[in-house]
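A short write-up of the structure that comes next.
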Amino acid sequence: MAFFQPDATFRAYYDLTPAYLTARGITVLLLDIDNTLAPYEQPLPDERLRTWLAGFSEAGIAVGFLSNNHGERVTLFNSELGLSYLCNAHKPLPRKAKKLIKTLGGKPKTAALMGDQIFTDVCCAKLCGAHAILVPPIWDRRDGLTRFKRKLERGPLRRYAKKHPDAPDVRAGNPITEEIREKMK
């Protein structure tokens with residue numbers, strides 16, 4: 001079950017700091033895009049995300065995108081940022097994660113992967129030997145497969161919350177979701 005347990009949880013991507021990573025010897029950060037940094041429908045990064053990413057660059061932490069999404073989506077999202085990325089990553093399989101970590105000049109033990117799904121992002125991080133960081137999804141698709149996966153995540157999330165009562169509880173939701181709802185009103 002260790003493959004399904006994150007090493008850390010945060011309420012939203014922007015709660016992760018360069019100081020958190022450097023204190024753990026992490027020099028490479030891999031990021032999922034959809035529902036971790038932006039909803040599926042957001043084609044480009046917003047200003048808050050660009051500012052947050054710049055903080056890692058200033059701290060000397062290499063950042064790249066590792067996405068299961070298709071190339072067109074990832075290329076467009078990254079067009080203003082110019083970061084390294086791999087799409088069609090087939091997470092949780094670790095091959096492309098290891099490749100991107102190496103491209104960014106790191107090793108799995110000095111890398112972290114942040115995402116919103118246990119069975120893809122957390123498991124991929126664990127399989128490649130990286131630090132696994134989980135955030136709640138921003139705007140969850142309501143299709144049957146996604147609902148099914150989220151139900152399966154409940155057990156590992158309960159166990160994590162029980163073991164780490166002081167950690168942010170990702171079951172409480174992502175504050176970015178509320179911001180989106182407010183804009184839609």
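Lettering and numbering for the structure tokens are positional, with chains as A, B, ... in the shown order, residues counted from 1 in each chain, and ligands counted from 1 in the shown order.
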
Name the residues of chain A that come out as alpha helix (DSSP H) in a backbone DSSP run; write them as a CSV table (one decimal) with N, CA and C atoms, in the first residue's frame.
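Contents of result02.csv, freshly written:
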chain,number,residue,atom,x,y,z
A,18,PRO,N,9.5,26.5,-2.2
A,18,PRO,CA,10.9,26.1,-2.5
A,18,PRO,C,11.6,25.6,-1.2
A,19,ALA,N,11.3,26.3,-0.1
A,19,ALA,CA,11.9,26.0,1.2
A,19,ALA,C,11.6,24.5,1.6
A,20,TYR,N,10.4,24.1,1.4
A,20,TYR,CA,9.9,22.8,1.7
A,20,TYR,C,10.8,21.8,0.9
A,21,LEU,N,11.0,22.0,-0.3
A,21,LEU,CA,11.8,21.1,-1.2
A,21,LEU,C,13.3,21.1,-0.8
A,22,THR,N,13.8,22.3,-0.7
A,22,THR,CA,15.3,22.3,-0.4
A,22,THR,C,15.6,21.7,1.0
A,23,ALA,N,14.7,21.8,1.9
A,23,ALA,CA,14.9,21.2,3.2
A,23,ALA,C,15.0,19.7,3.1
A,47,GLU,N,-1.5,34.2,-13.8
A,47,GLU,CA,-0.4,35.0,-13.2
A,47,GLU,C,0.1,34.4,-11.9
A,48,ARG,N,-0.9,33.9,-11.1
A,48,ARG,CA,-0.4,33.3,-9.8
A,48,ARG,C,0.5,32.1,-10.1
A,49,LEU,N,0.1,31.2,-11.0
A,49,LEU,CA,1.0,30.1,-11.3
A,49,LEU,C,2.3,30.5,-11.9
A,50,ARG,N,2.4,31.5,-12.8
A,50,ARG,CA,3.6,31.9,-13.3
A,50,ARG,C,4.5,32.5,-12.2
A,51,THR,N,4.0,33.2,-11.3
A,51,THR,CA,4.8,33.8,-10.2
A,51,THR,C,5.3,32.7,-9.3
A,52,TRP,N,4.4,31.7,-9.0
A,52,TRP,CA,4.8,30.5,-8.1
A,52,TRP,C,5.9,29.8,-8.8
A,53,LEU,N,5.8,29.5,-10.0
A,53,LEU,CA,6.9,28.8,-10.8
A,53,LEU,C,8.2,29.5,-10.7
A,54,ALA,N,8.1,30.8,-10.9
A,54,ALA,CA,9.4,31.7,-10.9
A,54,ALA,C,10.1,31.5,-9.5
A,55,GLY,N,9.4,31.3,-8.5
A,55,GLY,CA,10.0,31.1,-7.2
A,55,GLY,C,10.9,29.9,-7.1
A,56,PHE,N,10.5,28.9,-7.8
A,56,PHE,CA,11.3,27.6,-7.8
A,56,PHE,C,12.6,27.9,-8.6
A,57,SER,N,12.4,28.5,-9.7
A,57,SER,CA,13.5,28.8,-10.6
A,57,SER,C,14.6,29.7,-9.8
A,58,GLU,N,14.1,30.7,-9.1
A,58,GLU,CA,15.0,31.5,-8.3
A,58,GLU,C,15.7,30.8,-7.2
A,71,GLY,N,-0.1,15.9,-26.5
A,71,GLY,CA,0.9,16.9,-26.8
A,71,GLY,C,0.3,18.3,-27.0
A,72,GLU,N,-0.8,18.4,-27.7
A,72,GLU,CA,-1.3,19.7,-28.0
A,72,GLU,C,-1.7,20.5,-26.7
A,73,ARG,N,-2.3,19.9,-25.8
A,73,ARG,CA,-2.7,20.5,-24.5
A,73,ARG,C,-1.5,21.0,-23.8
A,74,VAL,N,-0.5,20.1,-23.6
A,74,VAL,CA,0.7,20.4,-22.8
A,74,VAL,C,1.5,21.4,-23.5
A,75,THR,N,1.7,21.3,-24.8
A,75,THR,CA,2.5,22.3,-25.5
A,75,THR,C,1.9,23.7,-25.4
A,76,LEU,N,0.6,23.8,-25.5
A,76,LEU,CA,-0.1,25.1,-25.4
A,76,LEU,C,0.1,25.7,-24.0
A,77,PHE,N,-0.2,24.8,-23.0
A,77,PHE,CA,-0.1,25.3,-21.6
A,77,PHE,C,1.3,25.8,-21.3
A,78,ASN,N,2.3,25.1,-21.8
A,78,ASN,CA,3.7,25.5,-21.6
A,78,ASN,C,4.3,26.5,-22.5
A,95,ARG,N,8.8,5.3,-16.4
A,95,ARG,CA,9.8,5.5,-17.4
A,95,ARG,C,9.9,6.9,-17.8
A,96,LYS,N,8.9,7.6,-18.2
A,96,LYS,CA,9.0,9.0,-18.6
A,96,LYS,C,9.3,9.9,-17.5
A,97,ALA,N,8.8,9.6,-16.3
A,97,ALA,CA,9.2,10.4,-15.1
A,97,ALA,C,10.7,10.4,-14.9
A,98,LYS,N,11.3,9.2,-14.9
A,98,LYS,CA,12.7,9.1,-14.8
A,98,LYS,C,13.5,9.8,-15.9
A,99,LYS,N,13.0,9.7,-17.1
A,99,LYS,CA,13.6,10.4,-18.2
A,99,LYS,C,13.6,12.0,-18.0
A,100,LEU,N,12.4,12.5,-17.6
A,100,LEU,CA,12.3,13.9,-17.4
A,100,LEU,C,13.2,14.4,-16.2
A,101,ILE,N,13.3,13.6,-15.1
A,101,ILE,CA,14.1,13.9,-14.0
A,101,ILE,C,15.6,14.0,-14.5
A,102,LYS,N,16.0,13.0,-15.3
A,102,LYS,CA,17.4,13.1,-15.8
A,102,LYS,C,17.6,14.3,-16.7
A,103,THR,N,16.6,14.6,-17.6
A,103,THR,CA,16.7,15.7,-18.4
A,103,THR,C,16.9,17.0,-17.6
A,123,CYS,N,1.5,7.2,-7.3
A,123,CYS,CA,2.1,5.8,-7.6
A,123,CYS,C,3.3,6.0,-8.5
A,124,CYS,N,3.2,6.9,-9.5
A,124,CYS,CA,4.3,7.1,-10.4
A,124,CYS,C,5.6,7.6,-9.6
A,125,ALA,N,5.3,8.6,-8.7
A,125,ALA,CA,6.4,9.1,-7.9
A,125,ALA,C,7.1,7.9,-7.1
A,126,LYS,N,6.3,7.1,-6.5
A,126,LYS,CA,6.8,6.0,-5.7
A,126,LYS,C,7.5,5.0,-6.5
A,127,LEU,N,7.0,4.7,-7.7
A,127,LEU,CA,7.6,3.7,-8.5
A,127,LEU,C,9.0,4.2,-9.1
A,128,CYS,N,9.1,5.5,-9.2
A,128,CYS,CA,10.4,5.9,-9.7
A,128,CYS,C,11.4,6.4,-8.6
A,144,GLY,N,-18.0,9.0,-15.4
A,144,GLY,CA,-18.1,7.8,-14.6
A,144,GLY,C,-16.7,7.3,-14.2
A,145,LEU,N,-15.7,7.3,-15.1
A,145,LEU,CA,-14.4,6.8,-14.7
A,145,LEU,C,-13.8,7.7,-13.6
A,146,THR,N,-13.9,9.0,-13.7
A,146,THR,CA,-13.3,9.8,-12.7
A,146,THR,C,-14.0,9.6,-11.3
A,147,ARG,N,-15.3,9.5,-11.3
A,147,ARG,CA,-16.0,9.3,-10.1
A,147,ARG,C,-15.5,8.0,-9.5
A,148,PHE,N,-15.4,6.9,-10.3
A,148,PHE,CA,-14.9,5.6,-9.8
A,148,PHE,C,-13.5,5.7,-9.2
A,149,LYS,N,-12.6,6.4,-9.9
A,149,LYS,CA,-11.3,6.5,-9.4
A,149,LYS,C,-11.2,7.3,-8.1
A,150,ARG,N,-12.0,8.3,-8.0
A,150,ARG,CA,-12.1,9.1,-6.7
A,150,ARG,C,-12.6,8.3,-5.6
A,151,LYS,N,-13.6,7.4,-5.9
A,151,LYS,CA,-14.1,6.5,-4.8
A,151,LYS,C,-13.0,5.5,-4.3
A,152,LEU,N,-12.2,5.0,-5.3
A,152,LEU,CA,-11.1,4.1,-4.9
A,152,LEU,C,-10.1,4.8,-4.1
A,153,GLU,N,-9.9,6.1,-4.2
A,153,GLU,CA,-8.9,6.9,-3.5
A,153,GLU,C,-9.3,7.1,-2.0
A,154,ARG,N,-10.6,7.0,-1.7
A,154,ARG,CA,-11.0,7.3,-0.4
A,154,ARG,C,-10.3,6.5,0.7
A,155,GLY,N,-10.1,5.2,0.5
A,155,GLY,CA,-9.4,4.4,1.5
A,155,GLY,C,-8.0,4.8,1.8
A,156,PRO,N,-7.1,5.0,0.7
A,156,PRO,CA,-5.8,5.5,1.0
A,156,PRO,C,-5.8,6.9,1.6
A,157,LEU,N,-6.7,7.7,1.2
A,157,LEU,CA,-6.8,9.1,1.8
A,157,LEU,C,-7.1,9.0,3.3
A,158,ARG,N,-8.1,8.1,3.6
A,158,ARG,CA,-8.4,8.0,5.1
A,158,ARG,C,-7.3,7.5,5.9
A,159,ARG,N,-6.5,6.5,5.3
A,159,ARG,CA,-5.4,6.0,6.1
A,159,ARG,C,-4.3,7.0,6.2
A,160,TYR,N,-4.1,7.8,5.2
A,160,TYR,CA,-3.1,8.9,5.2
A,160,TYR,C,-3.5,9.9,6.3
A,161,ALA,N,-4.7,10.3,6.3
A,161,ALA,CA,-5.2,11.3,7.3
A,161,ALA,C,-5.1,10.8,8.7
A,162,LYS,N,-5.3,9.5,8.9
A,162,LYS,CA,-5.2,8.9,10.2
A,162,LYS,C,-3.7,8.9,10.7
A,163,LYS,N,-2.8,8.6,9.8
A,163,LYS,CA,-1.4,8.5,10.1
A,163,LYS,C,-0.8,9.9,10.3
A,175,PRO,N,-8.9,25.1,-2.5
A,175,PRO,CA,-9.5,26.5,-2.4
A,175,PRO,C,-9.6,27.1,-3.8
A,176,ILE,N,-8.9,26.6,-4.8
A,176,ILE,CA,-9.0,27.2,-6.1
A,176,ILE,C,-10.4,26.9,-6.7
A,177,THR,N,-11.0,25.7,-6.3
A,177,THR,CA,-12.3,25.3,-6.8
A,177,THR,C,-13.3,26.4,-6.4
A,178,GLU,N,-13.2,26.9,-5.1
A,178,GLU,CA,-14.1,27.9,-4.7
A,178,GLU,C,-13.9,29.2,-5.5
A,179,GLU,N,-12.7,29.6,-5.8
A,179,GLU,CA,-12.5,30.8,-6.6
A,179,GLU,C,-13.1,30.6,-8.0
A,180,ILE,N,-13.1,29.5,-8.6
A,180,ILE,CA,-13.7,29.2,-9.9
A,180,ILE,C,-15.2,29.4,-9.8
A,181,ARG,N,-15.8,28.8,-8.7
A,181,ARG,CA,-17.2,28.9,-8.5
A,181,ARG,C,-17.7,30.3,-8.4
A,182,GLU,N,-16.9,31.1,-7.7
A,182,GLU,CA,-17.2,32.5,-7.5
A,182,GLU,C,-17.2,33.3,-8.8
A,183,LYS,N,-16.2,33.0,-9.7
A,183,LYS,CA,-16.2,33.6,-11.0
A,183,LYS,C,-17.3,33.2,-11.9
A,184,MET,N,-17.9,32.0,-11.7
A,184,MET,CA,-18.9,31.5,-12.5
A,184,MET,C,-20.3,32.1,-12.1

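Those residues that approach A:Gly64 to within 6 Å, counting only C-alpha atoms, are Leu30, Leu83, Ser84 and Tyr85 of chain A; same-chain residues fewer than 6 positions away are not listed.
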
Problem set entry | Residue nearest A:Ile26 among A:Ile133, A:Leu86, A:Ala111, A:Leu81 (counting only C-alpha atoms) |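 That would be A:Ala111, the residue with the smallest distance to A:Ile26.
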
Show which residues sit within 8 Å of stretch 31-40 of chain A, as a CSV table (one decimal) with N, CA and C atoms, in the first residue's frame. Count only C-alpha atoms, and ignore same-chain residues fewer than 4 positions away.
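Resulting contents of out_30.csv:
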chain,number,residue,atom,x,y,z
A,12,ALA,N,-3.4,23.2,-1.9
A,12,ALA,CA,-3.4,23.7,-3.3
A,12,ALA,C,-1.9,23.8,-3.7
A,13,TYR,N,-1.7,23.8,-5.0
A,13,TYR,CA,-0.3,23.8,-5.5
A,13,TYR,C,0.5,24.9,-4.9
A,45,PRO,N,-1.4,29.1,-18.3
A,45,PRO,CA,-1.3,29.4,-16.9
A,45,PRO,C,-1.7,30.8,-16.5
A,49,LEU,N,0.1,31.2,-11.0
A,49,LEU,CA,1.0,30.1,-11.3
A,49,LEU,C,2.3,30.5,-11.9
A,63,VAL,N,12.1,22.7,-12.8
A,63,VAL,CA,10.7,22.3,-12.9
A,63,VAL,C,10.4,21.8,-14.3
A,64,GLY,N,9.5,20.8,-14.3
A,64,GLY,CA,9.1,20.3,-15.6
A,64,GLY,C,7.7,19.7,-15.5
A,65,PHE,N,7.0,19.6,-16.6
A,65,PHE,CA,5.6,19.1,-16.6
A,65,PHE,C,5.6,17.6,-17.0
A,66,LEU,N,4.9,16.8,-16.3
A,66,LEU,CA,4.8,15.4,-16.6
A,66,LEU,C,3.3,15.1,-16.7
A,67,SER,N,2.7,15.0,-17.9
A,67,SER,CA,1.3,14.9,-18.1
A,67,SER,C,0.9,13.6,-18.9
A,74,VAL,N,-0.5,20.1,-23.6
A,74,VAL,CA,0.7,20.4,-22.8
A,74,VAL,C,1.5,21.4,-23.5
A,113,LEU,N,7.3,14.7,-7.3
A,113,LEU,CA,6.2,14.8,-8.3
A,113,LEU,C,5.0,15.2,-7.6
A,114,MET,N,4.3,16.3,-8.0
A,114,MET,CA,3.1,16.8,-7.5
A,114,MET,C,1.9,16.5,-8.4
A,115,GLY,N,0.9,16.0,-7.9
A,115,GLY,CA,-0.3,15.7,-8.7
A,115,GLY,C,-1.6,15.6,-7.9
A,116,ASP,N,-2.7,15.4,-8.5
A,116,ASP,CA,-4.0,15.3,-7.8
A,116,ASP,C,-4.6,13.9,-7.8
A,121,ASP,N,-0.4,9.9,-10.2
A,121,ASP,CA,0.7,10.7,-9.8
A,121,ASP,C,1.5,10.2,-8.6
A,135,VAL,N,-2.2,17.0,-4.0
A,135,VAL,CA,-3.1,18.1,-3.8
A,135,VAL,C,-4.5,17.6,-4.2
A,136,PRO,N,-5.5,18.2,-3.6
A,136,PRO,CA,-6.9,17.9,-4.1
A,136,PRO,C,-7.1,18.4,-5.5
A,137,PRO,N,-8.0,17.7,-6.2
A,137,PRO,CA,-8.3,18.2,-7.6
A,137,PRO,C,-8.9,19.6,-7.6
A,138,ILE,N,-8.6,20.4,-8.6
A,138,ILE,CA,-9.2,21.7,-8.7
A,138,ILE,C,-10.6,21.6,-9.1
A,139,TRP,N,-10.9,21.0,-10.3
A,139,TRP,CA,-12.2,21.0,-10.8
A,139,TRP,C,-12.4,19.6,-11.4
A,140,ASP,N,-13.0,18.7,-10.7
A,140,ASP,CA,-13.0,17.3,-11.1
A,140,ASP,C,-14.1,17.1,-12.2

Backbone DSSP call of strand (DSSP E) for stretch 16-154 of chain A, listed as a PDB file with C-alpha atoms, in the first residue's frame:
ATOM      1  CA  VAL A  28      13.765  18.708  -9.346  1.00  0.00           C
ATOM      2  CA  LEU A  29      10.007  19.189  -9.290  1.00  0.00           C
ATOM      3  CA  LEU A  30       7.738  17.398 -11.748  1.00  0.00           C
ATOM      4  CA  LEU A  31       4.204  18.757 -12.033  1.00  0.00           C
ATOM      5  CA  ALA A  62      14.375  22.652 -11.899  1.00  0.00           C
ATOM      6  CA  VAL A  63      10.706  22.302 -12.852  1.00  0.00           C
ATOM      7  CA  GLY A  64       9.051  20.302 -15.606  1.00  0.00           C
ATOM      8  CA  PHE A  65       5.605  19.080 -16.588  1.00  0.00           C
ATOM      9  CA  LEU A  66       4.763  15.370 -16.624  1.00  0.00           C
ATOM     10  CA  SER A  84      10.778  20.965 -20.074  1.00  0.00           C
ATOM     11  CA  TYR A  85       7.866  18.574 -20.391  1.00  0.00           C
ATOM     12  CA  LEU A  86       6.744  15.134 -21.406  1.00  0.00           C
ATOM     13  CA  ALA A 111      13.025  14.749  -7.185  1.00  0.00           C
ATOM     14  CA  ALA A 112       9.393  15.306  -6.277  1.00  0.00           C
ATOM     15  CA  LEU A 113       6.230  14.803  -8.294  1.00  0.00           C
ATOM     16  CA  MET A 114       3.085  16.768  -7.469  1.00  0.00           C
ATOM     17  CA  GLY A 115      -0.333  15.747  -8.713  1.00  0.00           C
ATOM     18  CA  HIS A 131       8.953  12.291  -3.246  1.00  0.00           C
ATOM     19  CA  ALA A 132       5.160  12.074  -3.801  1.00  0.00           C
ATOM     20  CA  ILE A 133       3.083  15.208  -3.203  1.00  0.00           C
ATOM     21  CA  LEU A 134      -0.705  15.138  -3.423  1.00  0.00           C
TER      22      LEU A 134
END

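Atom to atom, atom CA of A:Lys109 and atom CA of A:Ala130 stand 5.3 Å apart.
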